[in-house]
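Student: Here you go, coords.cif (mmCIF, C-alpha atoms):
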data_query
loop_
_atom_site.label_atom_id
_atom_site.label_comp_id
_atom_site.auth_asym_id
_atom_site.auth_seq_id
_atom_site.Cartn_x
_atom_site.Cartn_y
_atom_site.Cartn_z
CA MET A 14 -45.36 -17.38 54.51
CA SER A 15 -43.33 -15.92 57.34
CA ASP A 16 -41.92 -19.27 58.36
CA LYS A 17 -40.59 -19.97 54.89
CA LYS A 18 -37.02 -21.18 55.08
CA LYS A 19 -34.36 -19.05 53.47
CA PRO A 20 -32.33 -20.81 50.78
CA GLU A 21 -28.81 -21.64 51.78
CA GLY A 22 -25.80 -19.85 50.30
CA LEU A 23 -25.59 -16.19 49.23
CA ASP A 24 -28.81 -14.19 49.20
CA ARG A 25 -29.33 -11.49 46.57
CA ARG A 26 -27.96 -8.62 48.63
CA GLY A 27 -24.97 -10.61 49.76
CA PHE A 28 -24.23 -11.60 46.19
CA LEU A 29 -24.31 -8.02 44.94
CA ARG A 30 -22.12 -6.87 47.80
CA ALA A 31 -19.57 -9.55 47.00
CA MET A 32 -19.62 -8.63 43.32
CA GLY A 33 -19.03 -4.97 44.13
CA ALA A 34 -16.05 -5.75 46.29
CA GLY A 35 -14.62 -8.04 43.63
CA ALA A 36 -14.98 -5.40 40.92
CA ALA A 37 -13.24 -2.81 43.07
CA VAL A 38 -10.28 -5.14 43.61
CA THR A 39 -10.12 -5.93 39.88
CA ALA A 40 -10.17 -2.25 38.98
CA ALA A 41 -7.41 -1.45 41.43
CA VAL A 42 -5.01 -4.14 40.21
CA PRO A 43 -4.05 -2.67 36.78
CA LEU A 44 -3.28 0.69 38.33
CA THR A 45 -0.61 -0.79 40.48
CA ALA A 46 0.70 -3.82 38.60
CA THR A 47 1.11 -2.75 34.95
CA GLU A 48 3.41 -0.21 33.39
CA ALA A 49 2.58 2.20 30.59
CA GLN A 50 3.15 0.66 27.17
CA ALA A 51 3.70 2.22 23.77
CA MET A 52 0.84 1.72 21.33
CA LYS A 53 3.13 -0.05 18.86
CA PRO A 54 5.83 -2.28 20.25
CA PRO A 55 9.14 -1.60 18.51
CA GLY A 56 9.77 -4.15 15.79
CA ASP A 57 11.55 -4.57 12.52
CA GLU A 58 8.57 -3.44 10.44
CA GLY A 59 10.52 -0.45 9.11
CA LYS A 60 13.42 -2.49 7.84
CA ALA A 61 14.47 -2.31 4.19
CA ARG A 62 12.96 -5.05 2.08
CA TYR A 63 14.57 -4.16 -1.26
CA ARG A 64 17.80 -5.82 -2.26
CA GLU A 65 19.60 -5.84 -5.56
CA SER A 66 19.31 -9.54 -6.37
CA GLU A 67 20.13 -11.16 -9.70
CA HIS A 68 16.43 -11.00 -10.53
CA VAL A 69 16.38 -7.23 -9.98
CA LYS A 70 19.61 -6.74 -11.94
CA THR A 71 18.04 -8.61 -14.87
CA PHE A 72 15.03 -6.29 -14.67
CA TYR A 73 17.30 -3.24 -14.91
CA LYS A 74 19.22 -4.82 -17.79
CA VAL A 75 16.18 -5.61 -19.95
CA ASN A 76 14.67 -2.18 -19.30
CA ARG A 77 17.67 -0.51 -20.89
CA TYR A 78 16.70 -1.85 -24.33
CA MET B 3 20.54 2.74 1.03
CA ALA B 4 18.40 2.54 -2.09
CA ARG B 5 15.26 4.68 -2.28
CA VAL B 6 12.69 2.72 -4.27
CA LYS B 7 10.38 4.51 -6.70
CA PHE B 8 7.90 3.99 -9.50
CA LEU B 9 8.44 5.79 -12.81
CA CYS B 10 5.98 5.56 -15.69
CA ASP B 11 7.29 6.32 -19.16
CA GLY B 12 4.35 8.18 -20.74
CA ASP B 13 5.72 7.65 -24.24
CA ARG B 14 5.62 3.89 -23.86
CA CYS B 15 2.39 3.23 -21.94
CA ILE B 16 -0.26 1.82 -24.29
CA GLU B 17 -3.09 1.72 -21.73
CA CYS B 18 -3.33 -2.07 -21.77
CA ASN B 19 -4.18 -2.14 -18.03
CA ALA B 20 -2.06 -5.26 -17.53
CA CYS B 21 -0.41 -3.60 -14.52
CA VAL B 22 -3.84 -3.13 -12.91
CA THR B 23 -4.80 -6.74 -13.54
CA ALA B 24 -1.44 -8.12 -12.42
CA CYS B 25 -1.62 -6.14 -9.17
CA LYS B 26 -5.13 -7.33 -8.41
CA ASN B 27 -4.20 -10.93 -9.03
CA GLU B 28 -0.86 -10.94 -7.23
CA ASN B 29 -2.18 -9.26 -4.10
CA GLU B 30 -5.70 -10.73 -4.02
CA VAL B 31 -7.07 -7.17 -3.94
CA PRO B 32 -10.71 -7.08 -2.76
CA TRP B 33 -13.63 -6.34 -5.05
CA GLY B 34 -14.14 -2.68 -5.80
CA ILE B 35 -10.53 -1.72 -5.17
CA ASN B 36 -7.76 -1.06 -7.65
CA ARG B 37 -4.42 -0.33 -6.07
CA ARG B 38 -3.18 0.80 -9.47
CA ARG B 39 -5.01 2.43 -12.36
CA VAL B 40 -4.21 3.83 -15.78
CA VAL B 41 -5.08 7.47 -16.38
CA THR B 42 -5.45 8.74 -19.96
CA ILE B 43 -5.48 12.35 -21.06
CA ASN B 44 -6.64 13.63 -24.47
CA ASP B 45 -8.32 10.29 -25.07
CA GLY B 46 -8.85 9.67 -28.79
CA LYS B 47 -7.20 12.93 -29.81
CA PRO B 48 -3.73 13.71 -31.10
CA GLY B 49 -1.33 13.86 -28.22
CA GLU B 50 -3.12 11.19 -26.18
CA ARG B 51 -1.04 10.05 -23.24
CA SER B 52 -1.56 7.35 -20.65
CA ILE B 53 0.18 6.90 -17.35
CA SER B 54 -0.07 4.16 -14.77
CA MET B 55 -0.73 5.52 -11.28
CA ALA B 56 -0.61 4.02 -7.81
CA CYS B 57 0.69 5.09 -4.42
CA MET B 58 3.76 7.22 -5.11
CA HIS B 59 5.33 6.36 -1.73
CA CYS B 60 5.93 10.02 -0.93
CA THR B 61 8.91 11.06 1.15
CA ASP B 62 6.71 13.35 3.25
CA ALA B 63 3.50 11.39 2.86
CA PRO B 64 0.30 13.44 3.45
CA CYS B 65 -1.61 10.26 4.37
CA LYS B 66 0.89 9.65 7.16
CA ALA B 67 0.62 13.26 8.33
CA VAL B 68 -3.17 13.21 8.75
CA CYS B 69 -3.68 9.70 10.15
CA PRO B 70 -5.27 10.09 13.61
CA VAL B 71 -4.09 6.67 14.80
CA ASP B 72 -0.58 6.91 13.31
CA CYS B 73 -0.87 3.64 11.43
CA PHE B 74 1.53 4.59 8.60
CA PHE B 75 5.24 4.00 8.58
CA THR B 76 8.00 4.41 6.01
CA THR B 77 10.51 1.62 5.58
CA ALA B 78 14.24 2.23 5.32
CA ASP B 79 14.01 1.85 1.53
CA GLY B 80 11.26 4.46 1.24
CA VAL B 81 8.09 2.38 0.96
CA VAL B 82 5.06 3.86 2.73
CA LEU B 83 3.16 1.05 4.46
CA HIS B 84 0.36 0.95 7.01
CA SER B 85 -0.98 -1.35 9.69
CA LYS B 86 -4.48 -2.66 9.09
CA ASP B 87 -4.64 -3.64 12.76
CA LEU B 88 -4.43 0.03 13.76
CA CYS B 89 -6.44 1.56 10.89
CA ILE B 90 -9.92 2.67 11.94
CA GLY B 91 -11.14 3.38 8.41
CA CYS B 92 -11.75 7.08 9.06
CA GLY B 93 -10.96 8.11 5.46
CA TYR B 94 -8.67 11.06 6.28
CA CYS B 95 -5.85 9.60 4.17
CA PHE B 96 -8.20 9.26 1.20
CA TYR B 97 -8.85 13.00 1.29
CA ALA B 98 -5.21 13.90 1.95
CA CYS B 99 -3.66 11.83 -0.85
CA PRO B 100 -3.26 13.81 -4.11
CA PHE B 101 -3.12 10.58 -6.12
CA GLY B 102 -6.22 8.82 -4.76
CA ALA B 103 -4.14 5.88 -3.59
CA PRO B 104 -5.97 4.87 -0.38
CA GLN B 105 -9.04 2.78 -1.12
CA TYR B 106 -11.69 1.27 1.12
CA PRO B 107 -13.49 -2.02 0.74
CA ARG B 108 -17.24 -1.84 1.13
CA VAL B 109 -17.92 -4.04 4.11
CA GLY B 110 -21.64 -3.49 4.48
CA ASN B 111 -24.60 -1.32 3.63
CA PHE B 112 -25.07 2.32 4.68
CA GLY B 113 -21.60 3.37 3.54
CA SER B 114 -19.68 1.57 6.26
CA ARG B 115 -15.97 1.31 5.47
CA GLY B 116 -13.43 -1.36 6.17
CA LYS B 117 -9.70 -1.03 6.66
CA MET B 118 -7.85 1.15 4.18
CA ASP B 119 -6.08 -0.66 1.37
CA LYS B 120 -3.36 0.76 -0.87
CA CYS B 121 -0.35 -0.17 -2.96
CA THR B 122 2.34 -1.72 -0.79
CA TYR B 123 5.01 -1.70 -3.50
CA CYS B 124 4.65 -5.48 -3.20
CA ALA B 125 6.43 -5.14 0.15
CA GLY B 126 3.82 -6.72 2.46
CA GLY B 127 3.11 -5.04 5.78
CA PRO B 128 4.25 -4.87 9.39
CA GLU B 129 3.80 -8.60 9.92
CA ALA B 130 6.71 -11.00 9.58
CA ASP B 131 7.92 -11.41 6.01
CA LEU B 132 6.27 -14.00 3.78
CA THR B 133 3.71 -15.19 6.33
CA MET B 134 0.10 -16.07 5.63
CA ALA B 135 -1.08 -13.28 7.99
CA GLU B 136 0.88 -10.76 5.96
CA TYR B 137 -0.43 -12.09 2.66
CA GLU B 138 -4.07 -12.07 3.78
CA LYS B 139 -3.92 -8.45 4.91
CA TYR B 140 -1.51 -6.80 2.50
CA GLY B 141 -0.83 -9.19 -0.37
CA ALA B 142 2.47 -10.40 -1.73
CA ASN B 143 5.88 -9.43 -0.38
CA ARG B 144 7.91 -9.68 -3.55
CA LEU B 145 10.63 -7.37 -2.27
CA ALA B 146 11.46 -9.84 0.49
CA GLU B 147 11.80 -12.49 -2.23
CA GLY B 148 14.39 -10.34 -4.01
CA LYS B 149 11.93 -9.26 -6.71
CA LEU B 150 10.20 -6.03 -7.71
CA PRO B 151 6.48 -5.10 -7.89
CA LEU B 152 4.72 -7.32 -10.42
CA CYS B 153 3.05 -4.40 -12.22
CA ALA B 154 6.46 -3.14 -13.33
CA GLU B 155 8.02 -6.54 -13.92
CA MET B 156 5.34 -7.65 -16.37
CA CYS B 157 4.77 -4.37 -18.22
CA SER B 158 4.80 -5.42 -21.88
CA THR B 159 6.21 -2.17 -23.25
CA LYS B 160 8.46 -1.63 -20.23
CA ALA B 161 6.75 1.67 -19.60
CA LEU B 162 6.44 1.15 -15.87
CA LEU B 163 9.77 1.12 -14.08
CA ALA B 164 10.31 0.18 -10.44
CA GLY B 165 13.35 -0.18 -8.25
CA ASP B 166 16.16 1.98 -6.95
CA GLY B 167 15.16 5.56 -7.84
CA GLU B 168 18.63 6.52 -9.05
CA ILE B 169 18.95 3.51 -11.35
CA ILE B 170 15.52 3.83 -12.96
CA ALA B 171 16.01 7.58 -13.40
CA GLN B 172 19.25 6.79 -15.25
CA ILE B 173 17.44 4.21 -17.43
CA TYR B 174 14.75 6.78 -18.29
CA LYS B 175 17.40 9.38 -19.08
CA GLU B 176 19.15 6.98 -21.46
CA ARG B 177 15.85 6.28 -23.22
CA VAL B 178 15.05 9.95 -23.67
CA VAL B 179 18.51 10.72 -25.03
CA LYS B 180 18.31 7.80 -27.46
CA ARG B 181 14.82 8.23 -28.82
CA GLY B 182 14.41 11.97 -28.85
CA TYR B 183 11.03 13.25 -27.90
CA GLY B 184 7.64 13.54 -29.59
CA SER B 185 7.79 14.05 -33.35
CA GLY B 186 11.57 14.04 -33.22
CA ALA B 187 11.61 10.45 -31.99
CA TRP B 188 12.73 7.61 -34.20
CA GLY B 189 9.77 6.00 -36.02
CA TRP B 190 7.32 8.70 -34.98
CA LYS B 191 6.43 9.74 -38.52
CA THR B 192 6.03 6.13 -39.57
CA ALA B 193 3.67 5.33 -36.75
CA TYR B 194 1.70 8.56 -37.03
CA ARG B 195 0.92 10.84 -39.91
CA GLU B 196 3.37 13.57 -40.62
CA GLY B 197 2.47 16.93 -39.27
CA ILE B 198 1.32 15.81 -35.84
CA ASP B 199 3.52 17.61 -33.41
CA VAL B 200 3.43 16.76 -29.76
#
Produce structure tokens that represent the structure in this file.

Tutor:
Amino acid sequence: MSDKKKPEGLDRRGFLRAMGAGAAVTAAVPLTATEAQAMKPPGDEGKARYRESEHVKTFYKVNRY
Amino acid sequence: MARVKFLCDGDRCIECNACVTACKNENEVPWGINRRRVVTINDGKPGERSISMACMHCTDAPCKAVCPVDCFFTTADGVVLHSKDLCIGCGYCFYACPFGAPQYPRVGNFGSRGKMDKCTYCAGGPEADLTMAEYEKYGANRLAEGKLPLCAEMCSTKALLAGDGEIIAQIYKERVVKRGYGSGAWGWKTAYREGIDV
């Protein structure tokens, strides 16, 4: 039992240690690399959609009857 | 810049509910939701009146004021729209709106709510105009096509007016001046018995 060979590669403790270091690096990156962003990027969503087309003018005309 | 509005002529509405049906069909409104509905007072009695109601696209919209995620926005022509991507379905706008415009689809059991749905004045949503994404979430964007909301366009008695607020107010004023009001209106005593004053 004592002379059992250890499997090659990362053992359990080594793996967890490596994962912890990786997570720390990942957590640190956004703090330094990204800038604050508005929740809604400015767009043309508030633009006017109505226009007085011929179709609309006809609607006004027939509603005067 | 035009300020678009709805105006329902209570003397002309015959409670046919065609506006409700047209809206549901044009915008593929989900089951259990009516973006527009017809309200009748004094039903079956002298003086009965019906009026077609939907989102009134308020200037100082209470729904917009109470939204915790700020998903409402008002377009330059005065249409109050919202983003279904931001909506969390909290229901605050439903309680704030005096007209009962915001509606919620039932997405599951135990009272769970989906994204709020309301009248868009047939103006789509924050997505790009006339795209499939916009249509799936908000329905038709007839304003971008140079048209007006279908409910108003297909009203058989022309009771429901939509468009530039100043123009439709002028149309309504002309009607009132021409027809008189109530029992003084032309044809009133032919259509109804004499002696009914409203």

Student: Identify all residues satisfying the PyMOL selection byres ((chain A) within 8 of (chain B)) in the given file; provide them as a count of residues only.

Tutor: 16

Student: In Å, with one decimal, what is the gap from atom CA of Gly56 of chain A to atom CA of Arg115 of chain B?

Tutor: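 Atom CA of Gly56 of chain A sits 28.3 Å away from atom CA of Arg115 of chain B.
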
Student: Could you name the residues that touch segment 96-113 of chain B at 7 Å or less, counting only C-alpha atoms, but leaving out those on the same chain fewer than 6 positions away, as an NGL selection string?

Tutor: :B and (32 or 34-35 or 37 or 56-57 or 64-65 or 119-120)

Student: What is the atom CA of Cys153 of chain B-atom CA of Thr42 of chain B distance in Å, reported with one decimal?

Tutor: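 It comes out at 17.5 Å.
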
Student: Can you report as AutoDock Vina command-line options the centre and edge lengths in Å, to one decimal, of an axis-aligned box around the listed atoms of segment 24-35 of chain B padded with 8 Å on each side?

Tutor:
--center_x -7.5 --center_y -6.3 --center_z -7.6 --size_x 29.3 --size_y 25.2 --size_z 25.7

Student: Taking the structure I provided as the source, export segment 105-142 of chain B with N, CA and C atoms, as a PDB file, in the first residue's frame.

Tutor:
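Output file selection_30.pdb is given in full below:
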ATOM      1  N   GLN B 105     -50.002  45.056 -19.034  1.00  0.00           N
ATOM      2  CA  GLN B 105     -50.547  43.705 -18.860  1.00  0.00           C
ATOM      3  C   GLN B 105     -49.383  42.713 -18.802  1.00  0.00           C
ATOM      4  N   TYR B 106     -49.654  41.583 -18.161  1.00  0.00           N
ATOM      5  CA  TYR B 106     -48.584  40.583 -18.033  1.00  0.00           C
ATOM      6  C   TYR B 106     -49.044  39.235 -18.569  1.00  0.00           C
ATOM      7  N   PRO B 107     -48.235  38.610 -19.393  1.00  0.00           N
ATOM      8  CA  PRO B 107     -48.588  37.267 -19.831  1.00  0.00           C
ATOM      9  C   PRO B 107     -48.351  36.281 -18.696  1.00  0.00           C
ATOM     10  N   ARG B 108     -49.193  35.271 -18.635  1.00  0.00           N
ATOM     11  CA  ARG B 108     -48.982  34.240 -17.616  1.00  0.00           C
ATOM     12  C   ARG B 108     -47.991  33.240 -18.193  1.00  0.00           C
ATOM     13  N   VAL B 109     -46.832  33.173 -17.597  1.00  0.00           N
ATOM     14  CA  VAL B 109     -45.786  32.323 -18.168  1.00  0.00           C
ATOM     15  C   VAL B 109     -45.660  30.981 -17.459  1.00  0.00           C
ATOM     16  N   GLY B 110     -46.368  30.813 -16.359  1.00  0.00           N
ATOM     17  CA  GLY B 110     -46.273  29.532 -15.664  1.00  0.00           C
ATOM     18  C   GLY B 110     -47.283  29.477 -14.544  1.00  0.00           C
ATOM     19  N   ASN B 111     -47.231  28.449 -13.760  1.00  0.00           N
ATOM     20  CA  ASN B 111     -48.128  28.324 -12.622  1.00  0.00           C
ATOM     21  C   ASN B 111     -47.635  29.188 -11.467  1.00  0.00           C
ATOM     22  N   PHE B 112     -48.376  29.220 -10.381  1.00  0.00           N
ATOM     23  CA  PHE B 112     -48.006  29.925  -9.156  1.00  0.00           C
ATOM     24  C   PHE B 112     -47.850  31.425  -9.359  1.00  0.00           C
ATOM     25  N   GLY B 113     -48.601  31.980 -10.314  1.00  0.00           N
ATOM     26  CA  GLY B 113     -48.646  33.431 -10.460  1.00  0.00           C
ATOM     27  C   GLY B 113     -47.388  34.075 -11.018  1.00  0.00           C
ATOM     28  N   SER B 114     -46.501  33.309 -11.587  1.00  0.00           N
ATOM     29  CA  SER B 114     -45.281  33.907 -12.126  1.00  0.00           C
ATOM     30  C   SER B 114     -45.627  34.766 -13.344  1.00  0.00           C
ATOM     31  N   ARG B 115     -44.957  35.907 -13.462  1.00  0.00           N
ATOM     32  CA  ARG B 115     -45.263  36.864 -14.511  1.00  0.00           C
ATOM     33  C   ARG B 115     -44.137  36.926 -15.521  1.00  0.00           C
ATOM     34  N   GLY B 116     -44.528  37.242 -16.743  1.00  0.00           N
ATOM     35  CA  GLY B 116     -43.525  37.451 -17.783  1.00  0.00           C
ATOM     36  C   GLY B 116     -43.248  38.934 -17.929  1.00  0.00           C
ATOM     37  N   LYS B 117     -42.716  39.307 -19.065  1.00  0.00           N
ATOM     38  CA  LYS B 117     -42.406  40.710 -19.329  1.00  0.00           C
ATOM     39  C   LYS B 117     -43.693  41.493 -19.559  1.00  0.00           C
ATOM     40  N   MET B 118     -43.700  42.725 -19.106  1.00  0.00           N
ATOM     41  CA  MET B 118     -44.891  43.558 -19.269  1.00  0.00           C
ATOM     42  C   MET B 118     -45.154  43.802 -20.753  1.00  0.00           C
ATOM     43  N   ASP B 119     -46.438  43.874 -21.086  1.00  0.00           N
ATOM     44  CA  ASP B 119     -46.844  44.143 -22.459  1.00  0.00           C
ATOM     45  C   ASP B 119     -47.895  45.251 -22.435  1.00  0.00           C
ATOM     46  N   LYS B 120     -47.772  46.196 -23.321  1.00  0.00           N
ATOM     47  CA  LYS B 120     -48.769  47.279 -23.385  1.00  0.00           C
ATOM     48  C   LYS B 120     -48.834  47.820 -24.799  1.00  0.00           C
ATOM     49  N   CYS B 121     -49.819  48.700 -25.005  1.00  0.00           N
ATOM     50  CA  CYS B 121     -49.983  49.349 -26.309  1.00  0.00           C
ATOM     51  C   CYS B 121     -48.711  50.115 -26.664  1.00  0.00           C
ATOM     52  N   THR B 122     -48.251  49.919 -27.888  1.00  0.00           N
ATOM     53  CA  THR B 122     -47.043  50.624 -28.342  1.00  0.00           C
ATOM     54  C   THR B 122     -47.384  51.735 -29.333  1.00  0.00           C
ATOM     55  N   TYR B 123     -48.669  52.019 -29.481  1.00  0.00           N
ATOM     56  CA  TYR B 123     -49.128  52.962 -30.501  1.00  0.00           C
ATOM     57  C   TYR B 123     -48.685  52.472 -31.884  1.00  0.00           C
ATOM     58  N   CYS B 124     -48.605  51.162 -32.014  1.00  0.00           N
ATOM     59  CA  CYS B 124     -48.098  50.538 -33.256  1.00  0.00           C
ATOM     60  C   CYS B 124     -46.769  51.187 -33.672  1.00  0.00           C
ATOM     61  N   ALA B 125     -45.895  51.413 -32.672  1.00  0.00           N
ATOM     62  CA  ALA B 125     -44.613  52.060 -32.954  1.00  0.00           C
ATOM     63  C   ALA B 125     -43.429  51.161 -32.609  1.00  0.00           C
ATOM     64  N   GLY B 126     -43.670  49.861 -32.454  1.00  0.00           N
ATOM     65  CA  GLY B 126     -42.570  48.921 -32.191  1.00  0.00           C
ATOM     66  C   GLY B 126     -41.933  49.138 -30.831  1.00  0.00           C
ATOM     67  N   GLY B 127     -40.620  48.996 -30.782  1.00  0.00           N
ATOM     68  CA  GLY B 127     -39.893  49.126 -29.516  1.00  0.00           C
ATOM     69  C   GLY B 127     -38.515  49.683 -29.754  1.00  0.00           C
ATOM     70  N   PRO B 128     -37.595  49.441 -28.798  1.00  0.00           N
ATOM     71  CA  PRO B 128     -36.253  50.017 -28.938  1.00  0.00           C
ATOM     72  C   PRO B 128     -35.386  49.362 -30.020  1.00  0.00           C
ATOM     73  N   GLU B 129     -35.802  48.197 -30.482  1.00  0.00           N
ATOM     74  CA  GLU B 129     -35.028  47.536 -31.544  1.00  0.00           C
ATOM     75  C   GLU B 129     -35.095  48.339 -32.847  1.00  0.00           C
ATOM     76  N   ALA B 130     -34.263  47.944 -33.796  1.00  0.00           N
ATOM     77  CA  ALA B 130     -34.272  48.631 -35.092  1.00  0.00           C
ATOM     78  C   ALA B 130     -35.647  48.493 -35.746  1.00  0.00           C
ATOM     79  N   ASP B 131     -36.030  49.541 -36.474  1.00  0.00           N
ATOM     80  CA  ASP B 131     -37.367  49.561 -37.082  1.00  0.00           C
ATOM     81  C   ASP B 131     -37.578  48.394 -38.038  1.00  0.00           C
ATOM     82  N   LEU B 132     -38.778  47.844 -37.978  1.00  0.00           N
ATOM     83  CA  LEU B 132     -39.257  46.843 -38.931  1.00  0.00           C
ATOM     84  C   LEU B 132     -38.369  45.596 -39.001  1.00  0.00           C
ATOM     85  N   THR B 133     -37.832  45.187 -37.865  1.00  0.00           N
ATOM     86  CA  THR B 133     -37.064  43.949 -37.811  1.00  0.00           C
ATOM     87  C   THR B 133     -37.910  42.854 -37.166  1.00  0.00           C
ATOM     88  N   MET B 134     -37.501  41.620 -37.385  1.00  0.00           N
ATOM     89  CA  MET B 134     -38.243  40.495 -36.822  1.00  0.00           C
ATOM     90  C   MET B 134     -38.149  40.503 -35.289  1.00  0.00           C
ATOM     91  N   ALA B 135     -36.985  40.906 -34.754  1.00  0.00           N
ATOM     92  CA  ALA B 135     -36.814  40.970 -33.293  1.00  0.00           C
ATOM     93  C   ALA B 135     -37.806  41.952 -32.689  1.00  0.00           C
ATOM     94  N   GLU B 136     -37.976  43.080 -33.367  1.00  0.00           N
ATOM     95  CA  GLU B 136     -38.917  44.086 -32.883  1.00  0.00           C
ATOM     96  C   GLU B 136     -40.340  43.543 -32.947  1.00  0.00           C
ATOM     97  N   TYR B 137     -40.669  42.900 -34.041  1.00  0.00           N
ATOM     98  CA  TYR B 137     -42.041  42.395 -34.209  1.00  0.00           C
ATOM     99  C   TYR B 137     -42.369  41.321 -33.175  1.00  0.00           C
ATOM    100  N   GLU B 138     -41.423  40.433 -32.917  1.00  0.00           N
ATOM    101  CA  GLU B 138     -41.689  39.347 -31.964  1.00  0.00           C
ATOM    102  C   GLU B 138     -41.932  39.870 -30.550  1.00  0.00           C
ATOM    103  N   LYS B 139     -41.214  40.926 -30.177  1.00  0.00           N
ATOM    104  CA  LYS B 139     -41.353  41.438 -28.807  1.00  0.00           C
ATOM    105  C   LYS B 139     -42.494  42.436 -28.663  1.00  0.00           C
ATOM    106  N   TYR B 140     -42.645  43.318 -29.638  1.00  0.00           N
ATOM    107  CA  TYR B 140     -43.551  44.458 -29.449  1.00  0.00           C
ATOM    108  C   TYR B 140     -44.683  44.523 -30.470  1.00  0.00           C
ATOM    109  N   GLY B 141     -44.602  43.762 -31.516  1.00  0.00           N
ATOM    110  CA  GLY B 141     -45.645  43.817 -32.541  1.00  0.00           C
ATOM    111  C   GLY B 141     -45.269  44.761 -33.671  1.00  0.00           C
ATOM    112  N   ALA B 142     -46.282  45.169 -34.402  1.00  0.00           N
ATOM    113  CA  ALA B 142     -46.052  45.935 -35.634  1.00  0.00           C
ATOM    114  C   ALA B 142     -45.501  47.334 -35.352  1.00  0.00           C
TER     115      ALA B 142
END
